[in-house]
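Structure data follow from protein.tsv (TSV, C-alpha atoms and all ligand atoms):
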chain	number	residue	atom	x	y	z
A	205	MET	CA	-104.09	59.16	-41.28
A	206	VAL	CA	-100.82	57.81	-39.88
A	207	GLU	CA	-101.59	55.80	-36.75
A	208	ARG	CA	-99.79	53.62	-34.25
A	209	THR	CA	-100.95	50.31	-32.89
A	210	LEU	CA	-99.66	47.67	-30.51
A	211	ALA	CA	-99.21	44.10	-31.71
A	212	ILE	CA	-98.30	41.06	-29.65
A	213	ILE	CA	-97.09	37.72	-30.91
A	214	LYS	CA	-98.60	35.49	-28.22
A	215	PRO	CA	-96.92	32.58	-26.38
A	216	ASP	CA	-98.53	29.94	-28.61
A	217	ALA	CA	-96.99	31.47	-31.75
A	218	VAL	CA	-93.57	31.91	-30.10
A	219	LYS	CA	-93.64	28.22	-29.07
A	220	LYS	CA	-94.59	27.24	-32.63
A	221	ARG	CA	-91.56	29.19	-33.93
A	222	VAL	CA	-93.54	31.37	-36.31
A	223	VAL	CA	-92.25	34.72	-34.98
A	224	GLY	CA	-90.23	35.30	-38.14
A	225	ARG	CA	-93.13	34.56	-40.47
A	226	ILE	CA	-95.44	36.91	-38.54
A	227	ILE	CA	-92.87	39.74	-38.58
A	228	GLN	CA	-92.32	39.18	-42.32
A	229	ARG	CA	-96.08	39.56	-42.84
A	230	ILE	CA	-96.09	42.78	-40.77
A	231	GLU	CA	-93.40	44.26	-43.02
A	232	ASP	CA	-95.01	42.96	-46.22
A	233	GLU	CA	-98.25	44.70	-45.19
A	234	GLY	CA	-96.38	48.01	-45.10
A	235	PHE	CA	-96.10	48.59	-41.37
A	236	GLU	CA	-93.10	50.43	-39.99
A	237	ILE	CA	-91.77	48.65	-36.89
A	238	LEU	CA	-90.98	51.45	-34.42
A	239	GLY	CA	-90.38	49.19	-31.43
A	240	LEU	CA	-89.94	45.49	-30.79
A	241	LYS	CA	-89.10	43.43	-27.74
A	242	MET	CA	-89.40	39.93	-26.38
A	243	LEU	CA	-90.50	39.47	-22.81
A	244	HIS	CA	-92.20	37.07	-20.43
A	245	LEU	CA	-95.22	38.71	-18.81
A	246	SER	CA	-95.93	38.00	-15.17
A	247	LYS	CA	-99.47	36.98	-14.28
A	248	GLU	CA	-99.87	40.45	-12.75
A	249	ASP	CA	-98.68	42.16	-15.98
A	250	ALA	CA	-101.17	40.10	-17.99
A	251	ARG	CA	-103.98	40.99	-15.59
A	252	LYS	CA	-103.17	44.71	-15.92
A	253	PHE	CA	-102.86	44.58	-19.71
A	254	TYR	CA	-106.22	42.81	-20.08
A	255	TYR	CA	-108.03	44.65	-17.24
A	256	VAL	CA	-110.94	45.54	-19.60
A	257	HIS	CA	-111.78	41.83	-19.61
A	258	GLN	CA	-111.60	41.39	-15.84
A	259	ASP	CA	-115.29	40.49	-15.55
A	260	LYS	CA	-115.26	38.02	-18.45
A	261	PRO	CA	-115.37	34.28	-17.78
A	262	PHE	CA	-112.17	33.78	-19.81
A	263	TYR	CA	-110.07	36.34	-17.87
A	264	GLU	CA	-108.22	33.91	-15.57
A	265	SER	CA	-107.47	31.43	-18.32
A	266	LEU	CA	-106.43	34.19	-20.75
A	267	THR	CA	-104.03	35.79	-18.27
A	268	ASP	CA	-102.57	32.36	-17.35
A	269	PHE	CA	-101.98	31.73	-21.05
A	270	MET	CA	-100.48	35.16	-21.72
A	271	SER	CA	-98.03	34.69	-18.82
A	272	SER	CA	-97.19	31.07	-19.78
A	273	GLY	CA	-94.25	31.88	-22.03
A	274	ARG	CA	-92.42	34.58	-23.96
A	275	VAL	CA	-94.22	37.07	-26.17
A	276	VAL	CA	-92.99	39.57	-28.75
A	277	VAL	CA	-94.51	43.06	-28.52
A	278	LEU	CA	-94.32	45.45	-31.46
A	279	LEU	CA	-95.10	49.11	-31.90
A	280	LEU	CA	-96.37	49.51	-35.46
A	281	GLU	CA	-97.00	52.60	-37.57
A	282	LYS	CA	-98.88	52.98	-40.84
A	283	ASP	CA	-101.87	54.73	-42.41
A	284	ASN	CA	-104.92	53.26	-40.70
A	285	ALA	CA	-102.70	50.97	-38.65
A	286	ILE	CA	-105.30	49.90	-36.10
A	287	LYS	CA	-107.90	48.68	-38.59
A	288	HIS	CA	-105.33	47.29	-41.00
A	289	TRP	CA	-103.61	45.19	-38.34
A	290	ARG	CA	-106.94	43.83	-37.11
A	291	GLU	CA	-107.78	42.83	-40.70
A	292	VAL	CA	-104.47	41.03	-41.06
A	293	MET	CA	-105.06	39.23	-37.72
A	294	GLY	CA	-108.59	38.08	-38.55
A	295	ALA	CA	-111.45	37.20	-36.23
A	296	THR	CA	-110.78	36.31	-32.57
A	297	ASP	CA	-111.75	32.68	-33.19
A	298	PRO	CA	-109.30	31.19	-35.73
A	299	ALA	CA	-112.07	28.89	-37.00
A	300	GLN	CA	-114.10	31.98	-37.98
A	301	ALA	CA	-111.13	33.97	-39.32
A	302	LYS	CA	-110.88	34.46	-43.09
A	303	PRO	CA	-108.33	32.47	-45.09
A	304	GLY	CA	-105.07	34.37	-45.35
A	305	THR	CA	-105.38	35.98	-41.93
A	306	LEU	CA	-102.74	35.27	-39.28
A	307	ARG	CA	-105.21	33.78	-36.83
A	308	ARG	CA	-106.54	31.42	-39.47
A	309	GLN	CA	-102.99	30.51	-40.42
A	310	PHE	CA	-101.41	30.19	-36.98
A	311	GLY	CA	-104.16	30.27	-34.32
A	312	PHE	CA	-105.10	27.16	-32.38
A	313	SER	CA	-108.24	28.17	-30.45
A	314	VAL	CA	-110.28	31.22	-29.49
A	315	GLU	CA	-107.83	31.73	-26.61
A	316	ARG	CA	-104.58	30.62	-28.29
A	317	ASN	CA	-105.01	32.78	-31.34
A	318	ALA	CA	-101.39	33.73	-32.09
A	319	VAL	CA	-101.62	37.54	-32.17
A	320	HIS	CA	-103.06	40.59	-30.45
A	321	GLY	CA	-103.92	44.04	-31.80
A	322	SER	CA	-105.29	47.24	-30.28
A	323	ASP	CA	-108.97	47.78	-31.13
A	324	SER	CA	-109.28	51.61	-30.99
A	325	PRO	CA	-107.10	54.75	-30.74
A	326	GLN	CA	-107.79	54.87	-26.98
A	327	THR	CA	-106.74	51.25	-26.43
A	328	ALA	CA	-103.70	51.74	-28.66
A	329	GLU	CA	-102.59	54.67	-26.51
A	330	PHE	CA	-102.95	52.63	-23.30
A	331	GLU	CA	-101.31	49.53	-24.76
A	332	ILE	CA	-98.37	51.38	-26.34
A	333	ALA	CA	-97.70	53.23	-23.06
A	334	PHE	CA	-97.95	49.90	-21.20
A	335	PHE	CA	-95.02	48.41	-23.11
A	336	PHE	CA	-93.10	51.35	-24.55
A	337	GLY	CA	-93.62	54.14	-21.99
B	401	LIG	N1	-110.51	35.19	-25.53
B	401	LIG	C1	-110.82	33.96	-24.98
B	401	LIG	N2	-112.13	33.53	-25.02
B	401	LIG	C2	-113.12	34.27	-25.58
B	401	LIG	C3	-112.81	35.52	-26.13
B	401	LIG	C4	-111.51	35.95	-26.09
B	401	LIG	O1	-109.96	33.27	-24.47
B	401	LIG	O2	-114.28	33.82	-25.60
B	401	LIG	C5	-109.13	35.67	-25.50
B	401	LIG	C6	-108.43	35.66	-26.86
B	401	LIG	O3	-107.07	35.32	-26.68
B	401	LIG	C7	-108.60	37.09	-27.31
B	401	LIG	C8	-108.45	37.85	-25.98
B	401	LIG	O4	-109.11	37.01	-25.04
B	401	LIG	O5	-107.65	37.46	-28.28
B	401	LIG	C9	-109.08	39.23	-25.93
B	401	LIG	O6	-110.43	39.11	-26.31
B	401	LIG	P1	-111.08	40.16	-27.31
B	401	LIG	O7	-112.55	39.95	-27.29
B	401	LIG	O8	-110.57	41.53	-27.00
B	401	LIG	O9	-110.54	39.66	-28.74
B	401	LIG	P2	-109.49	40.31	-29.75
B	401	LIG	O10	-109.61	41.81	-29.64
B	401	LIG	O11	-108.12	39.81	-29.33
B	401	LIG	O12	-109.88	39.78	-31.11
B	402	MG	MG	-109.53	43.03	-27.96

Output the file's structure in the form of structure tokens.
Ligand code: UDP
Ligand code: MG
Amino acid sequence: MVERTLAIIKPDAVKKRVVGRIIQRIEDEGFEILGLKMLHLSKEDARKFYYVHQDKPFYESLTDFMSSGRVVVLLLEKDNAIKHWREVMGATDPAQAKPGTLRRQFGFSVERNAVHGSDSPQTAEFEIAFFFG
């Protein structure tokens, strides 16, 4: 089934100058890029985007990090896009992520893990609307 998902190249990966390599991987994996933009989230934007985590101990630090520099947001389309993109990203903690995944390759820590991806059709709908209307 053709699906859409929302990907973010996080501030750590933008600072490391690996945006191009991550976008190349997205295209090599067969995703169609339907939308792409670079922006600098405010703390308030980051808090709204990650509201599902508002009660987690890492919420303040995560939203500080996500508003610390520029990000690239991408609207991706493909068969099974949500699951496929999460497989390409790898586990949340780069140290646990499988070899060949983007988080293993480019992530620095459980927080600074290079990329984001929607985790369900419902989240994808919210996250795509958040950035692409
Ligand atoms: N995160 C963190 N500490 C944790 C778990 C998550 O800083 O213990 C950050 C990390 O950047 C992660 C984001 O919060 O990507 C959202 O967490 P989630 O559990 O949704 O992981 P994801 O879906 O991104 O793999
Ligand atoms: Mg998540």

Out of A:Lys241, A:Arg251, A:His320, A:Lys220, which residue has the shortest atom-to-atom distance to A:Ile286 when counting all atoms listed in the file? A:His320

Let me make sure I understand: among A:Gln309, A:Gln228, A:Ser246, A:Thr209, which one has the smallest atom-to-atom distance to A:Leu279 if we use all atoms listed in the file?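 Of A:Gln309, A:Gln228, A:Ser246, A:Thr209, the one nearest A:Leu279, counting all atoms listed in the file, is A:Thr209.
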
Please write as a count of residues only the list of polymer residues whose atoms come within 10 Å of (-100.3, 35.1, -34.8), counting only C-alpha atoms and keeping to the coordinates of the file. 31

If you count all atoms listed in the file, which residues fall within 9 Å of A:Phe262, apart from same-chain ones fewer than 5 positions away, as a PyMOL selection string? chain A and resi 257+267+315

Could you give me, as a Markdown table, every chain A residue with an atom at most 8 Å from ligand MG 402 (chain B), plus its closest atom pair and distance in Å to one decimal, counting only C-alpha atoms and all ligand atoms, rows ordered by chain then number?
| residue | atom | partner | partner_atom | distance |
| --- | --- | --- | --- | --- |
| A:His320 | CA | B:MG402 | MG | 7.3 |
| A:Gly321 | CA | B:MG402 | MG | 6.9 |
| A:Ser322 | CA | B:MG402 | MG | 6.4 |
| A:Asp323 | CA | B:MG402 | MG | 5.7 |

Using all atoms listed in the file, find the one residue out of A:Leu245, A:Val314, A:Val277, A:Ile230 that sits nearest to ligand LIG 401 (chain B).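 Among the listed residues, the smallest separation from ligand LIG 401 (chain B) belongs to A:Val314.
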
Just checking: using all atoms listed in the file, which residue out of A:Phe235, A:Tyr263, A:Phe253, A:Phe335 ends up closest to ligand LIG 401 (chain B)?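 Ranked by minimum distance to ligand LIG 401 (chain B), first place goes to A:Tyr263.
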
Nearest to A:Val256: which of A:Glu291, A:Glu331, A:Gly337, A:Asp232 is it, counting all atoms listed in the file?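 Distance minimum relative to A:Val256 lands on A:Glu331.
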
Option closest in space to ligand LIG 401 (chain B), from A:Thr296, A:Ser265, A:Gln258, A:Asn284 [counting only C-alpha atoms and all ligand atoms]: A:Thr296

Using only C-alpha atoms, which residues sit within 7 Å of A:Leu243 once same-chain residues fewer than 5 positions away are excluded, as a ChimeraX atom specification? /A:274-276

Shell of 12 Å around A:Glu264, all atoms listed in the file, local chain residues under 2 positions omitted, as a JSON list (two decimals) with C-alpha atoms, keeping the file's coordinate frame:
[["chain", "number", "residue", "atom", "x", "y", "z"],
["A", 247, "LYS", "CA", -99.47, 36.98, -14.28],
["A", 248, "GLU", "CA", -99.87, 40.45, -12.75],
["A", 250, "ALA", "CA", -101.17, 40.10, -17.99],
["A", 251, "ARG", "CA", -103.98, 40.99, -15.59],
["A", 252, "LYS", "CA", -103.17, 44.71, -15.92],
["A", 254, "TYR", "CA", -106.22, 42.81, -20.08],
["A", 255, "TYR", "CA", -108.03, 44.65, -17.24],
["A", 257, "HIS", "CA", -111.78, 41.83, -19.61],
["A", 258, "GLN", "CA", -111.60, 41.39, -15.84],
["A", 259, "ASP", "CA", -115.29, 40.49, -15.55],
["A", 260, "LYS", "CA", -115.26, 38.02, -18.45],
["A", 261, "PRO", "CA", -115.37, 34.28, -17.78],
["A", 262, "PHE", "CA", -112.17, 33.78, -19.81],
["A", 266, "LEU", "CA", -106.43, 34.19, -20.75],
["A", 267, "THR", "CA", -104.03, 35.79, -18.27],
["A", 268, "ASP", "CA", -102.57, 32.36, -17.35],
["A", 269, "PHE", "CA", -101.98, 31.73, -21.05],
["A", 270, "MET", "CA", -100.48, 35.16, -21.72],
["A", 271, "SER", "CA", -98.03, 34.69, -18.82],
["A", 315, "GLU", "CA", -107.83, 31.73, -26.61]]

Is there a way to complete stretch 272-283 of chain A with all heavy atoms and then write that out as a short mmCIF file (atom, residue, chain, number, x, y, z; two decimals), in the frame of the given file?
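Output contents, as saved in out_7.cif:
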data_model
loop_
_atom_site.label_atom_id
_atom_site.label_comp_id
_atom_site.auth_asym_id
_atom_site.auth_seq_id
_atom_site.Cartn_x
_atom_site.Cartn_y
_atom_site.Cartn_z
N SER A 272 -97.72 32.45 -19.77
CA SER A 272 -97.19 31.07 -19.78
C SER A 272 -95.86 30.94 -20.53
O SER A 272 -95.22 29.89 -20.47
CB SER A 272 -98.22 30.13 -20.42
OG SER A 272 -98.34 30.40 -21.81
N GLY A 273 -95.48 31.97 -21.25
CA GLY A 273 -94.25 31.88 -22.03
C GLY A 273 -93.91 33.25 -22.61
O GLY A 273 -94.62 34.22 -22.36
N ARG A 274 -92.85 33.30 -23.40
CA ARG A 274 -92.42 34.58 -23.96
C ARG A 274 -93.37 35.09 -25.03
O ARG A 274 -94.01 34.30 -25.74
CB ARG A 274 -91.01 34.44 -24.54
CG ARG A 274 -89.94 34.38 -23.45
CD ARG A 274 -88.58 33.97 -23.99
NE ARG A 274 -88.62 32.59 -24.43
CZ ARG A 274 -88.27 32.17 -25.65
NH1 ARG A 274 -87.83 33.03 -26.55
NH2 ARG A 274 -88.34 30.91 -25.96
N VAL A 275 -93.45 36.41 -25.12
CA VAL A 275 -94.22 37.07 -26.17
C VAL A 275 -93.28 38.06 -26.87
O VAL A 275 -92.23 38.41 -26.34
CB VAL A 275 -95.45 37.85 -25.61
CG1 VAL A 275 -96.44 36.92 -24.92
CG2 VAL A 275 -95.01 38.97 -24.66
N VAL A 276 -93.70 38.49 -28.07
CA VAL A 276 -92.99 39.57 -28.75
C VAL A 276 -93.99 40.71 -28.90
O VAL A 276 -95.10 40.51 -29.42
CB VAL A 276 -92.47 39.13 -30.14
CG1 VAL A 276 -91.82 40.31 -30.87
CG2 VAL A 276 -91.46 38.00 -29.99
N VAL A 277 -93.63 41.89 -28.39
CA VAL A 277 -94.51 43.06 -28.52
C VAL A 277 -93.90 44.01 -29.55
O VAL A 277 -92.68 44.20 -29.59
CB VAL A 277 -94.75 43.78 -27.17
CG1 VAL A 277 -95.49 42.87 -26.21
CG2 VAL A 277 -93.46 44.27 -26.54
N LEU A 278 -94.78 44.56 -30.37
CA LEU A 278 -94.32 45.45 -31.46
C LEU A 278 -95.15 46.71 -31.50
O LEU A 278 -96.38 46.66 -31.38
CB LEU A 278 -94.46 44.75 -32.81
CG LEU A 278 -93.72 43.43 -32.99
CD1 LEU A 278 -94.71 42.28 -32.98
CD2 LEU A 278 -92.95 43.43 -34.29
N LEU A 279 -94.46 47.83 -31.67
CA LEU A 279 -95.10 49.11 -31.90
C LEU A 279 -95.07 49.37 -33.41
O LEU A 279 -94.00 49.46 -34.01
CB LEU A 279 -94.34 50.20 -31.13
CG LEU A 279 -94.70 51.66 -31.38
CD1 LEU A 279 -96.19 51.91 -31.26
CD2 LEU A 279 -93.95 52.54 -30.39
N LEU A 280 -96.26 49.43 -34.01
CA LEU A 280 -96.37 49.51 -35.46
C LEU A 280 -96.96 50.85 -35.89
O LEU A 280 -97.84 51.38 -35.22
CB LEU A 280 -97.28 48.39 -35.98
CG LEU A 280 -96.92 46.97 -35.59
CD1 LEU A 280 -97.92 45.98 -36.20
CD2 LEU A 280 -95.50 46.64 -36.02
N GLU A 281 -96.48 51.34 -37.03
CA GLU A 281 -97.00 52.60 -37.57
C GLU A 281 -97.31 52.45 -39.06
O GLU A 281 -96.55 51.84 -39.80
CB GLU A 281 -95.98 53.72 -37.38
CG GLU A 281 -96.51 55.08 -37.82
CD GLU A 281 -95.53 56.20 -37.51
OE1 GLU A 281 -94.59 56.40 -38.32
OE2 GLU A 281 -95.67 56.85 -36.46
N LYS A 282 -98.44 53.06 -39.44
CA LYS A 282 -98.88 52.98 -40.84
C LYS A 282 -100.16 53.82 -40.97
O LYS A 282 -100.82 54.09 -39.98
CB LYS A 282 -99.21 51.51 -41.16
CG LYS A 282 -99.42 51.21 -42.60
CD LYS A 282 -99.91 49.79 -42.81
CE LYS A 282 -100.45 49.70 -44.21
NZ LYS A 282 -101.69 50.49 -44.35
N ASP A 283 -100.53 54.17 -42.20
CA ASP A 283 -101.87 54.73 -42.41
C ASP A 283 -102.89 53.71 -41.90
O ASP A 283 -102.78 52.53 -42.23
CB ASP A 283 -102.14 54.91 -43.92
CG ASP A 283 -101.50 56.19 -44.46
OD1 ASP A 283 -101.10 57.04 -43.65
OD2 ASP A 283 -101.40 56.31 -45.69
#
